[in-house]
Amino acid sequence: FDIDMDDYDDYLNFTHKEHGWSKCWALMAVAIRILDRGLREDFGFEHIFFVFSGRRGIHCWVCDKRARELTDEQRASVANYFSIYKGIQEGKAKLMLSVPRHPSVQRALDILEPIFVDEMLPQQELLDSQESWEKILQYVPDADVCDKLRERWQNGRRSSTSANGEHEDVNKSRWAELCREVDRCLSRTKDPSKRRQLVKCKDEIIFAYTYPKLDVEVSKKRNHLLKAPFC
């Protein structure tokens, strides 16, 4: 598997090319956790090795004998299992998510959500400016919710006070506001289709910004098979 940091650039305010790895390495670390758990728990592979690719991301080598003997079709099936992110369509991430969540998606969300809230939101300042928050609000399928949040955020409040009296990062506090407003909207919405969209929109934001963006073509063909360690 190949994960290239360049493929995250559309979602980041501070890319590795312009600002170094300190603000975005968490994305590589969480990709390792998701791939490692899925390959072990869902496919039973045991010999998994992650390496820095040398410039732009990480490679995952699955070294089990049966993995090396997979046909192109079988390799493609494994790669597609992890391929939730399908690129960008009309300015938004195209994601293969459903309601209710597939167990593997729930497991990934349990890993991704704290990384998104505690690291990516403040480090990338994803809700700090209007340009950034508009990219996130496009996932919220209710115009009234979006307008209400825009009005609050445009007032310029930079932080909120948490339960222990400390000031909370503005990006994290605004994310909490977004979640509350979406939940309130969900509680008063009766239309089944709209409810599914509301249930899914927070997942879509988290997955769009943090789920591994795999170069699946590298995984599909046997001509990409790493040969040197087994010669």
# chains A, B, ... in the order shown; residues from 1 in each chain; ligands from 1

call {"tool": "residues_around", "arguments": {"residues": "segment 186-190 of chain A", "least_positions_apart": "2", "cutoff": "12 Å", "atoms": "only C-alpha atoms", "output": "PDB file with N, CA, C and O atoms, in the first residue's frame"}}
result
ATOM      1  N   VAL A 140     -22.627  19.757   5.604  1.00  0.00           N
ATOM      2  CA  VAL A 140     -23.819  19.817   6.464  1.00  0.00           C
ATOM      3  C   VAL A 140     -25.037  20.027   5.584  1.00  0.00           C
ATOM      4  O   VAL A 140     -25.149  21.059   4.911  1.00  0.00           O
ATOM      5  N   PRO A 141     -26.005  19.084   5.572  1.00  0.00           N
ATOM      6  CA  PRO A 141     -27.095  19.122   4.589  1.00  0.00           C
ATOM      7  C   PRO A 141     -28.294  19.955   5.035  1.00  0.00           C
ATOM      8  O   PRO A 141     -29.439  19.642   4.664  1.00  0.00           O
ATOM      9  N   ASP A 142     -28.073  20.996   5.810  1.00  0.00           N
ATOM     10  CA  ASP A 142     -29.174  21.845   6.249  1.00  0.00           C
ATOM     11  C   ASP A 142     -28.728  23.305   6.197  1.00  0.00           C
ATOM     12  O   ASP A 142     -27.804  23.705   6.917  1.00  0.00           O
ATOM     13  N   VAL A 145     -28.867  25.371   9.572  1.00  0.00           N
ATOM     14  CA  VAL A 145     -27.761  25.071  10.476  1.00  0.00           C
ATOM     15  C   VAL A 145     -26.498  25.800  10.014  1.00  0.00           C
ATOM     16  O   VAL A 145     -25.792  26.418  10.817  1.00  0.00           O
ATOM     17  N   CYS A 179     -21.441  20.096  15.949  1.00  0.00           N
ATOM     18  CA  CYS A 179     -22.035  18.806  16.335  1.00  0.00           C
ATOM     19  C   CYS A 179     -23.353  19.009  17.069  1.00  0.00           C
ATOM     20  O   CYS A 179     -24.331  18.282  16.831  1.00  0.00           O
ATOM     21  N   ARG A 180     -23.413  19.981  17.963  1.00  0.00           N
ATOM     22  CA  ARG A 180     -24.656  20.239  18.701  1.00  0.00           C
ATOM     23  C   ARG A 180     -25.776  20.671  17.765  1.00  0.00           C
ATOM     24  O   ARG A 180     -26.915  20.201  17.883  1.00  0.00           O
ATOM     25  N   GLU A 181     -25.480  21.567  16.834  1.00  0.00           N
ATOM     26  CA  GLU A 181     -26.515  22.055  15.920  1.00  0.00           C
ATOM     27  C   GLU A 181     -27.002  20.946  14.984  1.00  0.00           C
ATOM     28  O   GLU A 181     -28.203  20.860  14.684  1.00  0.00           O
ATOM     29  N   VAL A 182     -26.088  20.100  14.518  1.00  0.00           N
ATOM     30  CA  VAL A 182     -26.499  18.979  13.674  1.00  0.00           C
ATOM     31  C   VAL A 182     -27.387  18.025  14.466  1.00  0.00           C
ATOM     32  O   VAL A 182     -28.418  17.545  13.959  1.00  0.00           O
ATOM     33  N   ASP A 183     -27.029  17.745  15.710  1.00  0.00           N
ATOM     34  CA  ASP A 183     -27.838  16.848  16.541  1.00  0.00           C
ATOM     35  C   ASP A 183     -29.216  17.439  16.824  1.00  0.00           C
ATOM     36  O   ASP A 183     -30.227  16.715  16.842  1.00  0.00           O
ATOM     37  N   ARG A 184     -29.282  18.742  17.053  1.00  0.00           N
ATOM     38  CA  ARG A 184     -30.583  19.389  17.278  1.00  0.00           C
ATOM     39  C   ARG A 184     -31.453  19.299  16.030  1.00  0.00           C
ATOM     40  O   ARG A 184     -32.657  19.027  16.114  1.00  0.00           O
ATOM     41  N   PRO A 192     -36.879  10.561   6.453  1.00  0.00           N
ATOM     42  CA  PRO A 192     -35.834   9.534   6.596  1.00  0.00           C
ATOM     43  C   PRO A 192     -34.564   9.839   5.812  1.00  0.00           C
ATOM     44  O   PRO A 192     -33.456   9.602   6.297  1.00  0.00           O
ATOM     45  N   SER A 193     -34.721  10.349   4.590  1.00  0.00           N
ATOM     46  CA  SER A 193     -33.547  10.647   3.774  1.00  0.00           C
ATOM     47  C   SER A 193     -32.714  11.762   4.394  1.00  0.00           C
ATOM     48  O   SER A 193     -31.476  11.672   4.459  1.00  0.00           O
ATOM     49  N   LYS A 194     -33.374  12.807   4.843  1.00  0.00           N
ATOM     50  CA  LYS A 194     -32.666  13.922   5.488  1.00  0.00           C
ATOM     51  C   LYS A 194     -31.996  13.458   6.777  1.00  0.00           C
ATOM     52  O   LYS A 194     -30.875  13.877   7.095  1.00  0.00           O
ATOM     53  N   ARG A 195     -32.645  12.587   7.524  1.00  0.00           N
ATOM     54  CA  ARG A 195     -32.053  12.067   8.761  1.00  0.00           C
ATOM     55  C   ARG A 195     -30.766  11.292   8.462  1.00  0.00           C
ATOM     56  O   ARG A 195     -29.776  11.440   9.171  1.00  0.00           O
ATOM     57  N   ARG A 196     -30.779  10.483   7.407  1.00  0.00           N
ATOM     58  CA  ARG A 196     -29.566   9.728   7.046  1.00  0.00           C
ATOM     59  C   ARG A 196     -28.433  10.679   6.688  1.00  0.00           C
ATOM     60  O   ARG A 196     -27.276  10.455   7.052  1.00  0.00           O
ATOM     61  N   GLN A 197     -28.764  11.742   5.965  1.00  0.00           N
ATOM     62  CA  GLN A 197     -27.738  12.718   5.585  1.00  0.00           C
ATOM     63  C   GLN A 197     -27.151  13.404   6.812  1.00  0.00           C
ATOM     64  O   GLN A 197     -25.938  13.615   6.898  1.00  0.00           O
ATOM     65  N   LEU A 198     -28.016  13.737   7.768  1.00  0.00           N
ATOM     66  CA  LEU A 198     -27.545  14.396   8.988  1.00  0.00           C
ATOM     67  C   LEU A 198     -26.698  13.459   9.837  1.00  0.00           C
ATOM     68  O   LEU A 198     -25.682  13.863  10.403  1.00  0.00           O
ATOM     69  N   VAL A 199     -27.139  12.206   9.933  1.00  0.00           N
ATOM     70  CA  VAL A 199     -26.375  11.216  10.708  1.00  0.00           C
ATOM     71  C   VAL A 199     -24.985  11.044  10.113  1.00  0.00           C
ATOM     72  O   VAL A 199     -23.988  10.903  10.825  1.00  0.00           O
ATOM     73  N   LYS A 200     -24.907  11.074   8.789  1.00  0.00           N
ATOM     74  CA  LYS A 200     -23.655  10.765   8.091  1.00  0.00           C
ATOM     75  C   LYS A 200     -22.714  11.957   7.964  1.00  0.00           C
ATOM     76  O   LYS A 200     -21.507  11.770   7.773  1.00  0.00           O
ATOM     77  N   CYS A 201     -23.223  13.196   8.088  1.00  0.00           N
ATOM     78  CA  CYS A 201     -22.398  14.343   7.698  1.00  0.00           C
ATOM     79  C   CYS A 201     -21.174  14.525   8.592  1.00  0.00           C
ATOM     80  O   CYS A 201     -20.103  14.899   8.104  1.00  0.00           O
ATOM     81  N   LYS A 202     -21.295  14.264   9.898  1.00  0.00           N
ATOM     82  CA  LYS A 202     -20.116  14.403  10.765  1.00  0.00           C
ATOM     83  C   LYS A 202     -19.074  13.341  10.426  1.00  0.00           C
ATOM     84  O   LYS A 202     -17.870  13.629  10.420  1.00  0.00           O
TER      85      LYS A 202
END

call {"tool": "select_by_dssp", "arguments": {"residues": "segment 88-159 of chain A", "states": "helix (DSSP H, G or I)", "output": "number ranges by chain"}}
result
A: 103-124, 130-137, 143-154

call {"tool": "atom_distance", "arguments": {"atom1": "atom CA of Ile32 of chain A", "atom2": "atom CA of Ala67 of chain A"}}
result
18.0 Å

call {"tool": "atom_distance", "arguments": {"atom1": "atom CA of Tyr211 of chain A", "atom2": "atom CA of Arg75 of chain A"}}
result
20.2 Å

call {"tool": "closest_residue", "arguments": {"among": "A:Leu127, A:Cys63, A:Ile205, A:Val51", "to": "Leu109 of chain A", "atoms": "only C-alpha atoms"}}
result
A:Ile205

call {"tool": "closest_residue", "arguments": {"among": "A:Leu27, A:Arg222, A:Asp128, A:Val170", "to": "Thr15 of chain A", "atoms": "only C-alpha atoms"}}
result
A:Leu27

call {"tool": "residues_around", "arguments": {"residues": "Ile34 of chain A", "least_positions_apart": "2", "cutoff": "10 Å", "atoms": "only C-alpha atoms", "output": "list in words"}}
result
Ala29, Val30, Ala31, Ile32, Asp36, Arg37, Gly38, Leu39, Phe82, Ser104, Val105, Arg107, Ala108, Leu109, Ile111, Leu112, Tyr211 and Pro212 of chain A

call {"tool": "write_last_selection", "arguments": {"atoms": "C-alpha atoms", "output": "compact mmCIF listing (two decimals), in the first residue's frame"}}
result
# COMPACT_ATOMS: atom_id res chain seq x y z
CA ALA A 29 0.36 7.80 12.05
CA VAL A 30 -3.40 7.23 12.01
CA ALA A 31 -3.20 5.65 8.54
CA ILE A 32 -0.75 3.10 9.94
CA ASP A 36 -2.52 -2.44 10.53
CA ARG A 37 -5.72 -3.29 12.43
CA GLY A 38 -7.72 -3.99 9.28
CA LEU A 39 -5.07 -6.19 7.68
CA PHE A 82 -9.85 -0.01 2.46
CA SER A 104 -14.78 -1.70 9.84
CA VAL A 105 -15.95 1.90 9.36
CA ARG A 107 -13.57 0.83 14.05
CA ALA A 108 -11.88 3.40 11.82
CA LEU A 109 -14.08 6.19 13.20
CA ILE A 111 -9.49 5.79 15.77
CA LEU A 112 -10.01 8.87 13.59
CA TYR A 211 -9.00 8.72 6.52
CA PRO A 212 -6.05 7.20 4.61

call {"tool": "residues_around", "arguments": {"residues": "Thr71 of chain A", "least_positions_apart": "4", "cutoff": "12 Å", "atoms": "only C-alpha atoms", "output": "ChimeraX atom specification"}}
result
/A:66-67,75-78,219-223,225

call {"tool": "write_last_selection", "arguments": {"atoms": "C-alpha atoms", "output": "PDB file, in the first residue's frame"}}
result
ATOM      1  CA  ARG A  66      -0.236 -15.850   0.859  1.00  0.00           C
ATOM      2  CA  ALA A  67      -0.279 -12.069   0.350  1.00  0.00           C
ATOM      3  CA  ARG A  75      -5.075  -7.749  -4.575  1.00  0.00           C
ATOM      4  CA  ALA A  76      -7.619  -5.282  -5.972  1.00  0.00           C
ATOM      5  CA  SER A  77     -10.311  -6.657  -3.664  1.00  0.00           C
ATOM      6  CA  VAL A  78      -8.148  -6.117  -0.581  1.00  0.00           C
ATOM      7  CA  SER A 219      -1.789  -2.297  -4.636  1.00  0.00           C
ATOM      8  CA  LYS A 220      -3.772  -3.825  -7.495  1.00  0.00           C
ATOM      9  CA  LYS A 221      -1.036  -5.053  -9.826  1.00  0.00           C
ATOM     10  CA  ARG A 222       1.551  -7.723  -9.150  1.00  0.00           C
ATOM     11  CA  ASN A 223       4.181  -5.746 -11.060  1.00  0.00           C
ATOM     12  CA  LEU A 225       5.230  -6.526  -5.803  1.00  0.00           C
TER      13      LEU A 225
END

call {"tool": "residues_around", "arguments": {"residues": "Trp25 of chain A", "least_positions_apart": "5", "cutoff": "9 Å", "atoms": "only C-alpha atoms", "output": "list in words"}}
result
Met5, His16, Gly20, Val30 and Gly57 of chain A

call {"tool": "closest_atom_pairs", "arguments": {"of": "segment 80-193 of chain A", "to": "segment 7-10 of chain A", "cutoff": "12 Å", "atoms": "only C-alpha atoms", "output": "CSV"}}
result
residue,atom,partner,partner_atom,distance
A:Tyr85,CA,A:Asp7,CA,10.8
A:Lys86,CA,A:Asp7,CA,11.3
A:Gly87,CA,A:Asp7,CA,9.0
A:Ile88,CA,A:Asp10,CA,9.1
A:Gly91,CA,A:Asp10,CA,9.5
A:Lys92,CA,A:Asp10,CA,9.9
A:Ala93,CA,A:Asp10,CA,9.7
A:Gln124,CA,A:Asp9,CA,11.3
A:Leu126,CA,A:Asp10,CA,11.9
A:Ser132,CA,A:Asp10,CA,10.9
A:Lys135,CA,A:Asp10,CA,10.0

call {"tool": "write_last_selection", "arguments": {"atoms": "all heavy atoms", "output": "tab-separated table (two decimals), in the first residue's frame"}}
result
chain	number	residue	atom	x	y	z
A	85	TYR	N	-12.23	6.48	0.64
A	85	TYR	CA	-12.07	7.78	-0.02
A	85	TYR	C	-11.89	7.56	-1.52
A	85	TYR	O	-11.01	6.82	-1.95
A	85	TYR	CB	-10.85	8.51	0.56
A	85	TYR	CG	-10.52	9.82	-0.12
A	85	TYR	CD1	-11.25	10.97	0.15
A	85	TYR	CD2	-9.48	9.90	-1.05
A	85	TYR	CE1	-10.94	12.17	-0.47
A	85	TYR	CE2	-9.17	11.10	-1.68
A	85	TYR	CZ	-9.90	12.23	-1.39
A	85	TYR	OH	-9.61	13.41	-2.01
A	86	LYS	N	-12.76	8.21	-2.32
A	86	LYS	CA	-12.75	8.01	-3.77
A	86	LYS	C	-12.43	9.29	-4.54
A	86	LYS	O	-12.81	9.43	-5.70
A	86	LYS	CB	-14.12	7.49	-4.22
A	86	LYS	CG	-14.51	6.15	-3.62
A	86	LYS	CD	-13.66	5.02	-4.14
A	86	LYS	CE	-14.17	3.67	-3.66
A	86	LYS	NZ	-13.36	2.54	-4.18
A	87	GLY	N	-11.74	10.24	-3.91
A	87	GLY	CA	-11.39	11.47	-4.60
A	87	GLY	C	-12.36	12.59	-4.28
A	87	GLY	O	-13.14	12.53	-3.33
A	88	ILE	N	-12.31	13.64	-5.11
A	88	ILE	CA	-13.11	14.84	-4.90
A	88	ILE	C	-14.13	14.98	-6.03
A	88	ILE	O	-13.80	14.80	-7.20
A	88	ILE	CB	-12.22	16.10	-4.85
A	88	ILE	CG1	-11.27	16.02	-3.66
A	88	ILE	CG2	-13.06	17.37	-4.76
A	88	ILE	CD1	-10.30	17.17	-3.57
A	91	GLY	N	-16.15	19.61	-5.38
A	91	GLY	CA	-15.55	20.30	-4.24
A	91	GLY	C	-15.61	19.57	-2.93
A	91	GLY	O	-15.11	20.07	-1.91
A	92	LYS	N	-16.21	18.38	-2.90
A	92	LYS	CA	-16.33	17.59	-1.67
A	92	LYS	C	-15.68	16.22	-1.86
A	92	LYS	O	-15.59	15.71	-2.97
A	92	LYS	CB	-17.80	17.39	-1.29
A	92	LYS	CG	-18.54	18.64	-0.89
A	92	LYS	CD	-20.03	18.39	-0.78
A	92	LYS	CE	-20.37	17.24	0.14
A	92	LYS	NZ	-21.84	17.05	0.28
A	93	ALA	N	-15.26	15.65	-0.74
A	93	ALA	CA	-14.73	14.29	-0.80
A	93	ALA	C	-15.84	13.32	-1.17
A	93	ALA	O	-16.96	13.40	-0.65
A	93	ALA	CB	-14.12	13.90	0.54
A	124	GLN	N	-4.29	22.31	12.11
A	124	GLN	CA	-4.55	22.78	10.75
A	124	GLN	C	-5.50	23.98	10.72
A	124	GLN	O	-5.77	24.51	9.64
A	124	GLN	CB	-5.14	21.64	9.91
A	124	GLN	CG	-4.13	20.54	9.58
A	124	GLN	CD	-3.06	21.01	8.62
A	124	GLN	OE1	-3.29	21.89	7.79
A	124	GLN	NE2	-1.87	20.42	8.71
A	126	LEU	N	-8.74	24.29	11.08
A	126	LEU	CA	-9.74	23.95	10.08
A	126	LEU	C	-11.03	24.75	10.20
A	126	LEU	O	-11.83	24.80	9.25
A	126	LEU	CB	-10.06	22.44	10.16
A	126	LEU	CG	-8.90	21.50	9.83
A	126	LEU	CD1	-9.33	20.06	9.97
A	126	LEU	CD2	-8.37	21.76	8.42
A	132	SER	N	-11.78	28.31	5.46
A	132	SER	CA	-11.66	26.94	5.96
A	132	SER	C	-13.00	26.38	6.41
A	132	SER	O	-13.32	25.22	6.11
A	132	SER	CB	-10.67	26.91	7.13
A	132	SER	OG	-9.37	27.23	6.69
A	135	LYS	N	-15.44	25.11	3.70
A	135	LYS	CA	-15.14	23.78	3.16
A	135	LYS	C	-15.79	22.68	4.00
A	135	LYS	O	-16.21	21.64	3.47
A	135	LYS	CB	-13.63	23.56	3.11
A	135	LYS	CG	-12.91	24.44	2.09
A	135	LYS	CD	-11.40	24.18	2.13
A	135	LYS	CE	-10.66	25.05	1.14
A	135	LYS	NZ	-9.19	24.83	1.18

call {"tool": "closest_residue", "arguments": {"among": "A:Cys185, A:Asp191, A:Glu131, A:Lys65", "to": "Lys148 of chain A", "atoms": "only C-alpha atoms"}}
result
A:Cys185

call {"tool": "closest_residue", "arguments": {"among": "A:Ser83, A:Asn13, A:Gln154, A:Gln89", "to": "Gln130 of chain A", "atoms": "only C-alpha atoms"}}
result
A:Gln154

call {"tool": "atom_distance", "arguments": {"atom1": "atom CA of Trp21 of chain A", "atom2": "atom CA of Tyr81 of chain A"}}
result
28.0 Å

call {"tool": "select_by_dssp", "arguments": {"residues": "segment 68-137 of chain A", "states": "strand (DSSP E)", "output": "list in words"}}
result
Tyr85, Lys86, Gly87, Ile88, Gln89, Lys92, Ala93, Lys94 and Leu95 of chain A

call {"tool": "residues_around", "arguments": {"residues": "Glu119 of chain A", "least_positions_apart": "2", "cutoff": "10 Å", "atoms": "only C-alpha atoms", "output": "ChimeraX atom specification"}}
result
/A:23-24,26-27,113-117,121-125,172

call {"tool": "closest_residue", "arguments": {"among": "A:Leu137, A:Val216, A:Met120, A:Leu70", "to": "Asn171 of chain A", "atoms": "only C-alpha atoms"}}
result
A:Met120

call {"tool": "decode", "arguments": {"residues": "segment 171-202 of chain A", "atoms": "N, CA and C atoms", "output": "mmCIF file, in the first residue's frame"}}
result
data_model
loop_
_atom_site.group_PDB
_atom_site.id
_atom_site.type_symbol
_atom_site.label_atom_id
_atom_site.label_comp_id
_atom_site.auth_asym_id
_atom_site.auth_seq_id
_atom_site.Cartn_x
_atom_site.Cartn_y
_atom_site.Cartn_z
ATOM 1 N N ASN A 171 -11.026 26.227 17.152
ATOM 2 C CA ASN A 171 -11.416 25.193 16.197
ATOM 3 C C ASN A 171 -12.177 24.062 16.868
ATOM 4 N N LYS A 172 -11.720 23.656 18.057
ATOM 5 C CA LYS A 172 -12.398 22.595 18.792
ATOM 6 C C LYS A 172 -13.756 23.057 19.304
ATOM 7 N N SER A 173 -13.840 24.302 19.785
ATOM 8 C CA SER A 173 -15.123 24.793 20.288
ATOM 9 C C SER A 173 -16.133 24.941 19.150
ATOM 10 N N ARG A 174 -15.672 25.367 17.981
ATOM 11 C CA ARG A 174 -16.575 25.494 16.844
ATOM 12 C C ARG A 174 -17.029 24.129 16.335
ATOM 13 N N TRP A 175 -16.157 23.131 16.396
ATOM 14 C CA TRP A 175 -16.567 21.773 16.030
ATOM 15 C C TRP A 175 -17.651 21.277 16.984
ATOM 16 N N ALA A 176 -17.495 21.542 18.269
ATOM 17 C CA ALA A 176 -18.516 21.147 19.238
ATOM 18 C C ALA A 176 -19.843 21.838 18.938
ATOM 19 N N GLU A 177 -19.781 23.111 18.548
ATOM 20 C CA GLU A 177 -20.996 23.834 18.164
ATOM 21 C C GLU A 177 -21.655 23.186 16.954
ATOM 22 N N LEU A 178 -20.849 22.851 15.962
ATOM 23 C CA LEU A 178 -21.378 22.211 14.760
ATOM 24 C C LEU A 178 -22.077 20.899 15.118
ATOM 25 N N CYS A 179 -21.441 20.096 15.949
ATOM 26 C CA CYS A 179 -22.035 18.806 16.335
ATOM 27 C C CYS A 179 -23.353 19.009 17.069
ATOM 28 N N ARG A 180 -23.413 19.981 17.963
ATOM 29 C CA ARG A 180 -24.656 20.239 18.701
ATOM 30 C C ARG A 180 -25.776 20.671 17.765
ATOM 31 N N GLU A 181 -25.480 21.567 16.834
ATOM 32 C CA GLU A 181 -26.515 22.055 15.920
ATOM 33 C C GLU A 181 -27.002 20.946 14.984
ATOM 34 N N VAL A 182 -26.088 20.100 14.518
ATOM 35 C CA VAL A 182 -26.499 18.979 13.674
ATOM 36 C C VAL A 182 -27.387 18.025 14.466
ATOM 37 N N ASP A 183 -27.029 17.745 15.710
ATOM 38 C CA ASP A 183 -27.838 16.848 16.541
ATOM 39 C C ASP A 183 -29.216 17.439 16.824
ATOM 40 N N ARG A 184 -29.282 18.742 17.053
ATOM 41 C CA ARG A 184 -30.583 19.389 17.278
ATOM 42 C C ARG A 184 -31.453 19.299 16.030
ATOM 43 N N CYS A 185 -30.838 19.542 14.888
ATOM 44 C CA CYS A 185 -31.575 19.449 13.630
ATOM 45 C C CYS A 185 -32.077 18.029 13.410
ATOM 46 N N LEU A 186 -31.239 17.053 13.715
ATOM 47 C CA LEU A 186 -31.623 15.650 13.570
ATOM 48 C C LEU A 186 -32.815 15.307 14.456
ATOM 49 N N SER A 187 -32.829 15.845 15.678
ATOM 50 C CA SER A 187 -33.896 15.515 16.631
ATOM 51 C C SER A 187 -35.265 16.016 16.186
ATOM 52 N N ARG A 188 -35.299 17.051 15.342
ATOM 53 C CA ARG A 188 -36.591 17.588 14.901
ATOM 54 C C ARG A 188 -36.899 17.267 13.433
ATOM 55 N N THR A 189 -36.043 16.472 12.797
ATOM 56 C CA THR A 189 -36.248 16.102 11.396
ATOM 57 C C THR A 189 -36.950 14.756 11.310
ATOM 58 N N LYS A 190 -38.004 14.700 10.509
ATOM 59 C CA LYS A 190 -38.781 13.470 10.360
ATOM 60 C C LYS A 190 -38.459 12.727 9.070
ATOM 61 N N ASP A 191 -38.051 13.452 8.032
ATOM 62 C CA ASP A 191 -37.798 12.836 6.736
ATOM 63 C C ASP A 191 -36.652 11.831 6.826
ATOM 64 N N PRO A 192 -36.879 10.561 6.453
ATOM 65 C CA PRO A 192 -35.834 9.534 6.596
ATOM 66 C C PRO A 192 -34.564 9.839 5.812
ATOM 67 N N SER A 193 -34.721 10.349 4.590
ATOM 68 C CA SER A 193 -33.547 10.647 3.774
ATOM 69 C C SER A 193 -32.714 11.762 4.394
ATOM 70 N N LYS A 194 -33.374 12.807 4.843
ATOM 71 C CA LYS A 194 -32.666 13.922 5.488
ATOM 72 C C LYS A 194 -31.996 13.458 6.777
ATOM 73 N N ARG A 195 -32.645 12.587 7.524
ATOM 74 C CA ARG A 195 -32.053 12.067 8.761
ATOM 75 C C ARG A 195 -30.766 11.292 8.462
ATOM 76 N N ARG A 196 -30.779 10.483 7.407
ATOM 77 C CA ARG A 196 -29.566 9.728 7.046
ATOM 78 C C ARG A 196 -28.433 10.679 6.688
ATOM 79 N N GLN A 197 -28.764 11.742 5.965
ATOM 80 C CA GLN A 197 -27.738 12.718 5.585
ATOM 81 C C GLN A 197 -27.151 13.404 6.812
ATOM 82 N N LEU A 198 -28.016 13.737 7.768
ATOM 83 C CA LEU A 198 -27.545 14.396 8.988
ATOM 84 C C LEU A 198 -26.698 13.459 9.837
ATOM 85 N N VAL A 199 -27.139 12.206 9.933
ATOM 86 C CA VAL A 199 -26.375 11.216 10.708
ATOM 87 C C VAL A 199 -24.985 11.044 10.113
ATOM 88 N N LYS A 200 -24.907 11.074 8.789
ATOM 89 C CA LYS A 200 -23.655 10.765 8.091
ATOM 90 C C LYS A 200 -22.714 11.957 7.964
ATOM 91 N N CYS A 201 -23.223 13.196 8.088
ATOM 92 C CA CYS A 201 -22.398 14.343 7.698
ATOM 93 C C CYS A 201 -21.174 14.525 8.592
ATOM 94 N N LYS A 202 -21.295 14.264 9.898
ATOM 95 C CA LYS A 202 -20.116 14.403 10.765
ATOM 96 C C LYS A 202 -19.074 13.341 10.426
#
